[in-house]
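Text of the file upload27.txt, holding compact mmCIF, C-alpha atoms:
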```
# COMPACT_ATOMS: atom_id res chain seq x y z
CA MET A 1 -0.81 46.79 -16.85
CA MET A 2 1.45 45.04 -14.34
CA LYS A 3 -1.36 44.95 -11.75
CA LYS A 4 -3.71 43.33 -14.26
CA LYS A 5 -1.12 40.63 -15.04
CA ILE A 6 -0.57 39.95 -11.33
CA ARG A 7 -4.31 39.77 -10.72
CA ALA A 8 -4.81 37.46 -13.72
CA GLY A 9 -2.00 35.21 -12.48
CA ALA A 10 -3.50 35.12 -8.98
CA LEU A 11 -6.94 34.25 -10.35
CA PHE A 12 -5.45 31.51 -12.54
CA THR A 13 -3.55 30.01 -9.59
CA ARG A 14 -6.64 30.16 -7.41
CA GLY A 15 -8.73 28.50 -10.13
CA ILE A 16 -6.20 25.69 -10.59
CA THR A 17 -6.05 25.16 -6.81
CA LEU A 18 -9.83 25.02 -6.52
CA LEU A 19 -10.05 22.66 -9.50
CA PHE A 20 -7.58 20.16 -8.06
CA THR A 21 -9.20 20.43 -4.62
CA PHE A 22 -12.57 19.66 -6.17
CA LEU A 23 -11.16 16.72 -8.15
CA ILE A 24 -9.52 15.21 -5.07
CA ALA A 25 -12.71 15.64 -3.04
CA LEU A 26 -14.76 14.12 -5.86
CA LEU A 27 -12.40 11.15 -6.15
CA SER A 28 -12.52 10.54 -2.38
CA VAL A 29 -16.31 10.77 -2.22
CA SER A 30 -16.68 8.54 -5.28
CA LEU A 31 -14.43 5.88 -3.75
CA ILE A 32 -16.32 5.92 -0.45
CA VAL A 33 -19.73 5.80 -2.15
CA TYR A 34 -18.61 2.95 -4.44
CA ILE A 35 -17.31 0.82 -1.56
CA LEU A 36 -20.38 1.48 0.59
CA GLN A 37 -22.79 0.73 -2.26
CA ALA A 38 -20.97 -2.48 -3.15
CA GLY A 39 -20.50 -3.77 0.41
CA LEU A 40 -22.96 -2.19 2.82
CA PRO A 41 -26.06 -4.12 1.60
CA TYR A 42 -24.36 -7.36 2.70
CA VAL A 43 -23.39 -6.13 6.16
CA ASN A 44 -25.77 -7.47 8.79
CA TRP A 45 -25.64 -8.73 12.34
CA ASN A 46 -24.97 -12.30 11.24
CA PHE A 47 -21.99 -11.14 9.15
CA LEU A 48 -20.57 -9.18 12.09
CA SER A 49 -21.19 -11.71 14.87
CA THR A 50 -20.27 -15.11 13.42
CA GLU A 51 -17.09 -16.98 12.52
CA PRO A 52 -16.12 -17.96 8.96
CA ASP A 53 -16.98 -21.57 8.17
CA ILE A 54 -15.98 -23.15 4.86
CA LEU A 55 -18.23 -26.19 5.34
CA MET A 56 -21.27 -24.04 6.08
CA ASP A 57 -20.27 -21.52 3.37
CA THR A 58 -20.47 -18.57 5.81
CA TYR A 59 -18.11 -15.62 5.98
CA GLY A 60 -18.58 -14.02 9.38
CA ILE A 61 -15.87 -11.57 10.45
CA LYS A 62 -16.24 -11.58 14.25
CA PRO A 63 -12.72 -12.99 14.90
CA MET A 64 -11.17 -10.43 12.54
CA ILE A 65 -13.01 -7.55 14.25
CA ILE A 66 -11.72 -8.72 17.63
CA ASN A 67 -8.17 -9.08 16.29
CA THR A 68 -8.30 -5.59 14.79
CA LEU A 69 -9.49 -4.09 18.08
CA TYR A 70 -6.76 -5.99 19.95
CA THR A 71 -3.99 -4.64 17.74
CA VAL A 72 -5.34 -1.06 17.81
CA VAL A 73 -5.74 -0.95 21.60
CA LEU A 74 -2.39 -2.60 22.32
CA THR A 75 -0.58 -0.36 19.84
CA LEU A 76 -2.11 2.76 21.39
CA VAL A 77 -0.99 1.57 24.83
CA PHE A 78 2.58 1.39 23.53
CA CYS A 79 2.77 4.34 21.15
CA ILE A 80 0.85 7.09 22.98
CA PRO A 81 3.23 7.41 25.96
CA PHE A 82 6.35 6.94 23.82
CA GLY A 83 5.14 9.16 20.97
CA ILE A 84 3.81 12.04 23.06
CA GLY A 85 6.71 11.78 25.51
CA SER A 86 9.27 11.96 22.70
CA ALA A 87 7.47 14.92 21.13
CA ILE A 88 7.41 16.76 24.47
CA TYR A 89 11.12 16.16 24.91
CA LEU A 90 11.99 17.40 21.41
CA ALA A 91 9.73 20.46 21.64
CA GLU A 92 10.16 21.53 25.28
CA TYR A 93 13.33 20.07 26.80
CA ALA A 94 15.90 19.30 24.10
CA LYS A 95 18.43 21.98 23.19
CA GLN A 96 18.10 22.69 19.49
CA GLY A 97 21.27 21.65 17.71
CA LYS A 98 22.88 19.00 15.54
CA ILE A 99 21.87 16.07 17.76
CA VAL A 100 18.20 17.06 17.76
CA GLY A 101 18.44 17.67 14.02
CA VAL A 102 19.80 14.15 13.53
CA ILE A 103 16.97 12.74 15.65
CA ARG A 104 14.35 14.56 13.58
CA PHE A 105 16.03 13.40 10.37
CA ALA A 106 15.98 9.80 11.65
CA ILE A 107 12.25 10.12 12.43
CA GLU A 108 11.63 11.35 8.89
CA ILE A 109 13.58 8.39 7.50
CA LEU A 110 11.63 5.93 9.66
CA SER A 111 8.32 7.34 8.44
CA GLY A 112 9.32 6.59 4.84
CA ILE A 113 10.34 2.95 5.31
CA PRO A 114 7.87 0.52 3.64
CA SER A 115 5.68 -1.28 6.14
CA ILE A 116 6.65 -4.69 4.78
CA VAL A 117 10.21 -4.01 5.93
CA TYR A 118 8.87 -3.37 9.43
CA GLY A 119 6.93 -6.61 9.12
CA LEU A 120 10.07 -8.54 8.23
CA PHE A 121 11.87 -6.96 11.18
CA GLY A 122 8.97 -7.82 13.51
CA LEU A 123 8.96 -11.43 12.31
CA THR A 124 12.72 -11.77 12.76
CA PHE A 125 13.09 -9.91 16.06
CA PHE A 126 9.83 -10.11 18.00
CA VAL A 127 8.58 -13.52 16.83
CA ARG A 128 11.73 -15.56 16.14
CA GLN A 129 14.39 -13.97 18.35
CA LEU A 130 12.38 -12.89 21.40
CA HIS A 131 9.75 -15.64 20.95
CA ILE A 132 6.93 -13.24 21.81
CA GLY A 133 3.68 -15.15 21.52
CA ASP A 134 2.99 -18.01 19.14
CA TYR A 135 5.49 -19.14 16.49
CA ALA A 136 2.94 -18.18 13.80
CA GLY A 137 2.63 -14.65 15.14
CA SER A 138 0.69 -12.94 17.92
CA MET A 139 -1.28 -9.84 18.79
CA ILE A 140 1.56 -8.53 20.96
CA ALA A 141 4.19 -8.98 18.22
CA ALA A 142 1.89 -7.30 15.69
CA SER A 143 1.23 -4.40 18.08
CA LEU A 144 4.92 -3.83 18.76
CA THR A 145 5.57 -3.78 15.02
CA LEU A 146 2.70 -1.35 14.44
CA THR A 147 4.13 0.84 17.20
CA LEU A 148 7.35 1.18 15.22
CA ILE A 149 5.34 2.07 12.13
CA VAL A 150 3.12 4.79 13.66
CA LEU A 151 5.60 6.33 16.12
CA PRO A 152 7.20 8.67 13.53
CA THR A 153 3.77 10.04 12.54
CA MET A 154 2.69 10.51 16.14
CA ILE A 155 5.96 12.16 17.20
CA ARG A 156 6.09 14.52 14.23
CA THR A 157 2.42 15.57 14.40
CA THR A 158 2.44 16.01 18.19
CA GLU A 159 5.65 18.03 18.12
CA GLU A 160 4.23 20.37 15.48
CA SER A 161 1.11 20.78 17.60
CA LEU A 162 3.17 21.65 20.68
CA ARG A 163 5.17 24.21 18.71
CA THR A 164 2.01 25.98 17.54
CA VAL A 165 1.04 26.87 21.12
CA ASP A 166 1.37 30.63 21.66
CA PRO A 167 4.82 31.39 23.18
CA ALA A 168 3.12 33.98 25.42
CA TYR A 169 1.70 31.13 27.50
CA ARG A 170 5.19 29.81 28.18
CA GLU A 171 6.54 33.27 28.99
CA ALA A 172 3.67 33.98 31.39
CA ALA A 173 4.13 30.64 33.15
CA ILE A 174 7.88 31.19 33.54
CA ALA A 175 7.27 34.72 34.84
CA MET A 176 4.93 33.31 37.50
CA GLY A 177 7.62 30.88 38.65
CA VAL A 178 5.71 27.78 37.54
CA SER A 179 7.77 24.63 37.03
CA ARG A 180 8.24 23.40 33.48
CA PHE A 181 6.50 20.11 34.20
CA TYR A 182 3.44 21.92 35.61
CA MET A 183 3.42 24.31 32.63
CA ILE A 184 3.49 21.43 30.15
CA ARG A 185 0.83 19.45 31.99
CA LYS A 186 -1.60 22.27 32.71
CA ILE A 187 -1.04 24.73 29.86
CA ILE A 188 0.83 23.34 26.85
CA LEU A 189 -0.79 19.91 26.55
CA PRO A 190 -4.40 21.18 26.85
CA CYS A 191 -3.71 23.83 24.22
CA ALA A 192 -2.10 21.26 21.92
CA MET A 193 -4.83 18.65 22.46
CA PRO A 194 -6.51 19.12 19.03
CA GLY A 195 -3.21 18.40 17.28
CA ILE A 196 -2.55 15.41 19.54
CA VAL A 197 -6.01 14.07 18.67
CA VAL A 198 -5.14 14.43 14.98
CA ALA A 199 -1.95 12.44 15.62
CA ILE A 200 -3.94 9.68 17.32
CA ILE A 201 -6.52 9.61 14.51
CA LEU A 202 -3.81 9.38 11.85
CA SER A 203 -2.12 6.60 13.82
CA ILE A 204 -5.35 4.63 14.22
CA GLY A 205 -6.04 4.99 10.51
CA ARG A 206 -2.58 3.62 9.73
CA MET A 207 -3.06 0.72 12.16
CA VAL A 208 -6.45 -0.26 10.75
CA SER A 209 -5.30 -0.04 7.12
CA GLU A 210 -2.04 -1.95 7.63
CA SER A 211 -1.81 -5.44 6.16
CA ALA A 212 1.73 -6.12 4.87
CA ALA A 213 3.41 -5.98 8.29
CA LEU A 214 0.59 -7.92 9.97
CA LEU A 215 0.87 -10.79 7.51
CA TYR A 216 4.29 -11.50 9.05
CA THR A 217 3.56 -10.75 12.70
CA ALA A 218 -0.15 -11.34 13.43
CA GLY A 219 -0.66 -14.47 11.37
CA ILE A 220 -3.68 -15.56 9.34
CA SER A 221 -5.61 -17.59 11.91
CA GLN A 222 -9.40 -17.20 11.73
CA ASP A 223 -10.10 -18.85 15.08
CA MET A 224 -11.97 -17.12 17.88
CA PRO A 225 -9.84 -15.95 20.85
CA THR A 226 -9.60 -18.45 23.69
CA GLY A 227 -9.61 -15.71 26.34
CA LEU A 228 -9.39 -11.98 26.88
CA MET A 229 -5.80 -11.95 28.13
CA SER A 230 -4.48 -15.17 26.59
CA HIS A 231 -5.31 -13.94 23.09
CA VAL A 232 -2.53 -11.37 23.39
CA THR A 233 -0.03 -14.16 22.71
CA GLU A 234 -2.12 -15.91 20.03
CA PRO A 235 -2.06 -15.37 16.25
CA GLY A 236 -5.05 -13.92 14.47
CA ALA A 237 -5.87 -12.31 11.12
CA THR A 238 -7.04 -8.71 11.26
CA MET A 239 -9.71 -7.39 8.91
CA THR A 240 -7.23 -5.98 6.41
CA VAL A 241 -5.21 -9.20 6.33
CA GLN A 242 -8.33 -11.32 5.79
CA LEU A 243 -9.62 -8.89 3.17
CA TYR A 244 -6.31 -9.20 1.32
CA LEU A 245 -6.46 -12.99 1.46
CA TYR A 246 -10.04 -13.07 0.19
CA ALA A 247 -9.29 -10.59 -2.61
CA THR A 248 -6.10 -12.27 -3.83
CA GLU A 249 -6.49 -15.97 -3.04
CA GLY A 250 -10.24 -16.32 -3.35
CA GLY A 251 -12.10 -18.78 -1.17
CA ALA A 252 -15.04 -16.44 -0.56
CA ALA A 253 -18.01 -14.95 -2.38
CA GLU A 254 -17.33 -11.90 -4.53
CA TRP A 255 -19.21 -9.55 -2.20
CA VAL A 256 -17.23 -10.46 0.95
CA PRO A 257 -14.17 -8.18 0.36
CA TYR A 258 -16.48 -5.23 -0.39
CA ALA A 259 -18.49 -5.87 2.76
CA MET A 260 -15.30 -6.01 4.84
CA ALA A 261 -14.06 -2.79 3.21
CA ALA A 262 -17.36 -1.09 4.09
CA VAL A 263 -17.04 -2.23 7.71
CA LEU A 264 -13.47 -0.90 7.83
CA MET A 265 -14.61 2.51 6.55
CA LEU A 266 -17.37 2.69 9.15
CA PHE A 267 -14.93 1.59 11.86
CA VAL A 268 -12.51 4.40 11.00
CA LEU A 269 -15.38 6.93 10.88
CA VAL A 270 -16.72 5.90 14.29
CA THR A 271 -13.21 5.94 15.77
CA GLU A 272 -12.63 9.46 14.47
CA LEU A 273 -15.95 10.71 15.87
CA VAL A 274 -15.27 9.17 19.29
CA THR A 275 -11.74 10.59 19.40
CA ARG A 276 -12.96 14.07 18.46
CA PHE A 277 -15.64 13.85 21.15
CA ILE A 278 -12.99 13.03 23.75
CA ALA A 279 -10.91 15.98 22.53
CA SER A 280 -13.91 18.31 22.85
CA VAL A 281 -14.42 17.13 26.43
CA PHE A 282 -10.79 18.01 27.25
CA GLN A 283 -11.21 21.43 25.66
CA LYS A 284 -14.36 22.14 27.71
CA LYS A 285 -12.53 21.18 30.90
CA ARG A 286 -9.71 23.53 29.97
CA ARG A 287 -12.17 26.40 29.62
```

For the structure just supplied, provide its representation as structure tokens.
Amino acid sequence: MMKKKIRAGALFTRGITLLFTFLIALLSVSLIVYILQAGLPYVNWNFLSTEPDILMDTYGIKPMIINTLYTVVLTLVFCIPFGIGSAIYLAEYAKQGKIVGVIRFAIEILSGIPSIVYGLFGLTFFVRQLHIGDYAGSMIAASLTLTLIVLPTMIRTTEESLRTVDPAYREAAIAMGVSRFYMIRKIILPCAMPGIVVAIILSIGRMVSESAALLYTAGISQDMPTGLMSHVTEPGATMTVQLYLYATEGGAAEWVPYAMAAVLMLFVLVTELVTRFIASVFQKKRR
């Protein structure tokens, strides 16, 4: 009798879990299909390769695509070494104790702070105090602010990935007299690469989807960059910022926000595929 009750309870729990998993998957797929159906028919080469022009009644998003790429690349340049380096220190070098516990608790707190608070900090510190870039914002100020936003996610995910590496690898390396730096570089990091790739993908997704912080730090300029390097110090609206402005303040045709949302989805998908391909190359080299 008891075994039947336990089995019935297990089946009920499994059914509820499968039901909620199905509902979440269905909701996600429905959202993606809805956005793509509403926006993808309007996405063409002219939409992707021209500037917005009110007089000509055109809504090209080329400047916003460039600004988005600028912020993503610059943020990765800042956050990858700091994020992975911090995770390596916490997982491999730091002595576990109260200080490390406080550091991890602080990282958890930072990951829960609303992005608009980071944006206000970036505006006050990077733009107004340090005068980084233009007074209306800049790519570099936006990227530094995004770095603060995504660092907790990258540190936490990378550290968990490093901790999942089989301890036998560490013991074997120490027994062979290998230095810790060599062990981390040649053994631990390659084994943890899938988790590190996940951390990078999550970070890129957060960068691309961010708008509140970038309203303060990147600005809302729709102008084309004046140069490859000089644009780092210039303001510029990213795709999410411009999408928000179109959706809330108007000034564009009804289909434009949906088309921009479809482009954003495709951008994230392509980024994830490219990142996973790079991770598979690293894994093949390790073998």

Per residue of range 26-116 of chain A within 7 Å of range 129-147 of chain A, what are the shortest atom pair and its distance in Å to one decimal, counting all atoms listed in the file, with rows by chain and residue number, as a tab-separated table?
```
residue	atom	partner	partner_atom	distance
A:Tyr70	CA	A:Met139	CA	6.8
A:Thr71	CA	A:Ser143	CA	5.2
A:Leu74	CA	A:Ser143	CA	5.9
A:Thr75	CA	A:Ser143	CA	4.8
A:Phe78	CA	A:Thr147	CA	6.5
A:Cys79	CA	A:Thr147	CA	5.4
```

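Rounded to one decimal, CA of Glu51 in chain A and CA of Met224 in chain A lie 7.4 Å from each other.
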
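Using only C-alpha atoms, the shortest contact distance between Ile65 in chain A and any of A:Thr240, A:Ser209, A:Gln37, A:Asn46 is found at A:Thr240.
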
Practice task
Enter the distance from CA of Leu36 in chain A to CA of Pro257 in chain A, in Å, rounded to one decimal.
Solution key: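 CA of Pro257 in chain A lies 11.5 Å from CA of Leu36 in chain A.
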
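In this model, the gap between CA of Val73 in chain A and CA of Met207 in chain A comes to 10.0 Å.
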
Practice task
For range 245-256 of chain A, list every protein, DNA or RNA residue within 10 Å, evaluated using all atoms listed in the file, and leave out those in the same chain fewer than 5 positions away; present the list as number ranges by chain.
Solution key: A: 38-43, 47, 52, 54, 57-61, 215, 220, 237, 239-240, 261-262

Rebuild range 79-90 of chain A so that it carries all heavy atoms, then output the result as a PDB file, in the frame of the given file.
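Result file out.pdb:
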```pdb
ATOM      1  N   CYS A  79       2.268   3.192  21.901  1.00  0.00           N
ATOM      2  CA  CYS A  79       2.770   4.340  21.150  1.00  0.00           C
ATOM      3  C   CYS A  79       2.363   5.686  21.729  1.00  0.00           C
ATOM      4  O   CYS A  79       3.076   6.678  21.515  1.00  0.00           O
ATOM      5  CB  CYS A  79       2.342   4.250  19.685  1.00  0.00           C
ATOM      6  SG  CYS A  79       0.603   4.580  19.381  1.00  0.00           S
ATOM      7  N   ILE A  80       1.254   5.782  22.443  1.00  0.00           N
ATOM      8  CA  ILE A  80       0.850   7.090  22.980  1.00  0.00           C
ATOM      9  C   ILE A  80       1.859   7.622  23.997  1.00  0.00           C
ATOM     10  O   ILE A  80       2.322   8.762  23.864  1.00  0.00           O
ATOM     11  CB  ILE A  80      -0.576   7.015  23.574  1.00  0.00           C
ATOM     12  CG1 ILE A  80      -1.603   6.970  22.441  1.00  0.00           C
ATOM     13  CG2 ILE A  80      -0.853   8.212  24.479  1.00  0.00           C
ATOM     14  CD1 ILE A  80      -3.035   6.894  22.909  1.00  0.00           C
ATOM     15  N   PRO A  81       2.241   6.851  25.027  1.00  0.00           N
ATOM     16  CA  PRO A  81       3.230   7.410  25.960  1.00  0.00           C
ATOM     17  C   PRO A  81       4.589   7.669  25.311  1.00  0.00           C
ATOM     18  O   PRO A  81       5.211   8.707  25.562  1.00  0.00           O
ATOM     19  CB  PRO A  81       3.332   6.338  27.066  1.00  0.00           C
ATOM     20  CG  PRO A  81       2.737   5.112  26.492  1.00  0.00           C
ATOM     21  CD  PRO A  81       1.746   5.537  25.482  1.00  0.00           C
ATOM     22  N   PHE A  82       5.053   6.749  24.459  1.00  0.00           N
ATOM     23  CA  PHE A  82       6.350   6.940  23.820  1.00  0.00           C
ATOM     24  C   PHE A  82       6.302   8.083  22.802  1.00  0.00           C
ATOM     25  O   PHE A  82       7.220   8.909  22.726  1.00  0.00           O
ATOM     26  CB  PHE A  82       6.799   5.650  23.109  1.00  0.00           C
ATOM     27  CG  PHE A  82       7.330   4.608  24.052  1.00  0.00           C
ATOM     28  CD1 PHE A  82       6.593   3.476  24.326  1.00  0.00           C
ATOM     29  CD2 PHE A  82       8.564   4.759  24.662  1.00  0.00           C
ATOM     30  CE1 PHE A  82       7.071   2.511  25.200  1.00  0.00           C
ATOM     31  CE2 PHE A  82       9.058   3.800  25.532  1.00  0.00           C
ATOM     32  CZ  PHE A  82       8.307   2.671  25.808  1.00  0.00           C
ATOM     33  N   GLY A  83       5.236   8.132  21.997  1.00  0.00           N
ATOM     34  CA  GLY A  83       5.140   9.160  20.970  1.00  0.00           C
ATOM     35  C   GLY A  83       4.979  10.554  21.546  1.00  0.00           C
ATOM     36  O   GLY A  83       5.717  11.485  21.185  1.00  0.00           O
ATOM     37  N   ILE A  84       4.033  10.724  22.470  1.00  0.00           N
ATOM     38  CA  ILE A  84       3.810  12.040  23.060  1.00  0.00           C
ATOM     39  C   ILE A  84       4.988  12.442  23.940  1.00  0.00           C
ATOM     40  O   ILE A  84       5.415  13.603  23.941  1.00  0.00           O
ATOM     41  CB  ILE A  84       2.496  12.046  23.865  1.00  0.00           C
ATOM     42  CG1 ILE A  84       1.318  11.802  22.918  1.00  0.00           C
ATOM     43  CG2 ILE A  84       2.311  13.364  24.612  1.00  0.00           C
ATOM     44  CD1 ILE A  84      -0.025  11.739  23.605  1.00  0.00           C
ATOM     45  N   GLY A  85       5.542  11.469  24.679  1.00  0.00           N
ATOM     46  CA  GLY A  85       6.710  11.780  25.510  1.00  0.00           C
ATOM     47  C   GLY A  85       7.900  12.227  24.690  1.00  0.00           C
ATOM     48  O   GLY A  85       8.582  13.201  25.048  1.00  0.00           O
ATOM     49  N   SER A  86       8.154  11.560  23.577  1.00  0.00           N
ATOM     50  CA  SER A  86       9.270  11.960  22.700  1.00  0.00           C
ATOM     51  C   SER A  86       9.031  13.337  22.111  1.00  0.00           C
ATOM     52  O   SER A  86       9.962  14.154  22.012  1.00  0.00           O
ATOM     53  CB  SER A  86       9.437  10.932  21.582  1.00  0.00           C
ATOM     54  OG  SER A  86       9.715   9.645  22.100  1.00  0.00           O
ATOM     55  N   ALA A  87       7.786  13.613  21.701  1.00  0.00           N
ATOM     56  CA  ALA A  87       7.470  14.920  21.130  1.00  0.00           C
ATOM     57  C   ALA A  87       7.646  16.034  22.170  1.00  0.00           C
ATOM     58  O   ALA A  87       8.168  17.113  21.856  1.00  0.00           O
ATOM     59  CB  ALA A  87       6.032  14.925  20.602  1.00  0.00           C
ATOM     60  N   ILE A  88       7.236  15.771  23.399  1.00  0.00           N
ATOM     61  CA  ILE A  88       7.410  16.760  24.470  1.00  0.00           C
ATOM     62  C   ILE A  88       8.891  17.038  24.708  1.00  0.00           C
ATOM     63  O   ILE A  88       9.310  18.193  24.874  1.00  0.00           O
ATOM     64  CB  ILE A  88       6.728  16.283  25.763  1.00  0.00           C
ATOM     65  CG1 ILE A  88       5.201  16.306  25.590  1.00  0.00           C
ATOM     66  CG2 ILE A  88       7.131  17.150  26.958  1.00  0.00           C
ATOM     67  CD1 ILE A  88       4.452  15.709  26.761  1.00  0.00           C
ATOM     68  N   TYR A  89       9.681  15.974  24.706  1.00  0.00           N
ATOM     69  CA  TYR A  89      11.120  16.160  24.910  1.00  0.00           C
ATOM     70  C   TYR A  89      11.735  17.008  23.800  1.00  0.00           C
ATOM     71  O   TYR A  89      12.487  17.957  24.061  1.00  0.00           O
ATOM     72  CB  TYR A  89      11.828  14.818  24.989  1.00  0.00           C
ATOM     73  CG  TYR A  89      13.332  14.948  25.002  1.00  0.00           C
ATOM     74  CD1 TYR A  89      13.999  15.353  26.157  1.00  0.00           C
ATOM     75  CD2 TYR A  89      14.081  14.707  23.845  1.00  0.00           C
ATOM     76  CE1 TYR A  89      15.382  15.500  26.164  1.00  0.00           C
ATOM     77  CE2 TYR A  89      15.454  14.852  23.853  1.00  0.00           C
ATOM     78  CZ  TYR A  89      16.099  15.247  25.008  1.00  0.00           C
ATOM     79  OH  TYR A  89      17.465  15.409  25.008  1.00  0.00           O
ATOM     80  N   LEU A  90      11.402  16.680  22.545  1.00  0.00           N
ATOM     81  CA  LEU A  90      11.990  17.400  21.410  1.00  0.00           C
ATOM     82  C   LEU A  90      11.524  18.852  21.366  1.00  0.00           C
ATOM     83  O   LEU A  90      12.296  19.742  20.992  1.00  0.00           O
ATOM     84  CB  LEU A  90      11.609  16.702  20.096  1.00  0.00           C
ATOM     85  CG  LEU A  90      12.250  15.332  19.856  1.00  0.00           C
ATOM     86  CD1 LEU A  90      11.676  14.688  18.618  1.00  0.00           C
ATOM     87  CD2 LEU A  90      13.764  15.450  19.731  1.00  0.00           C
TER      88      LEU A  90
END
```
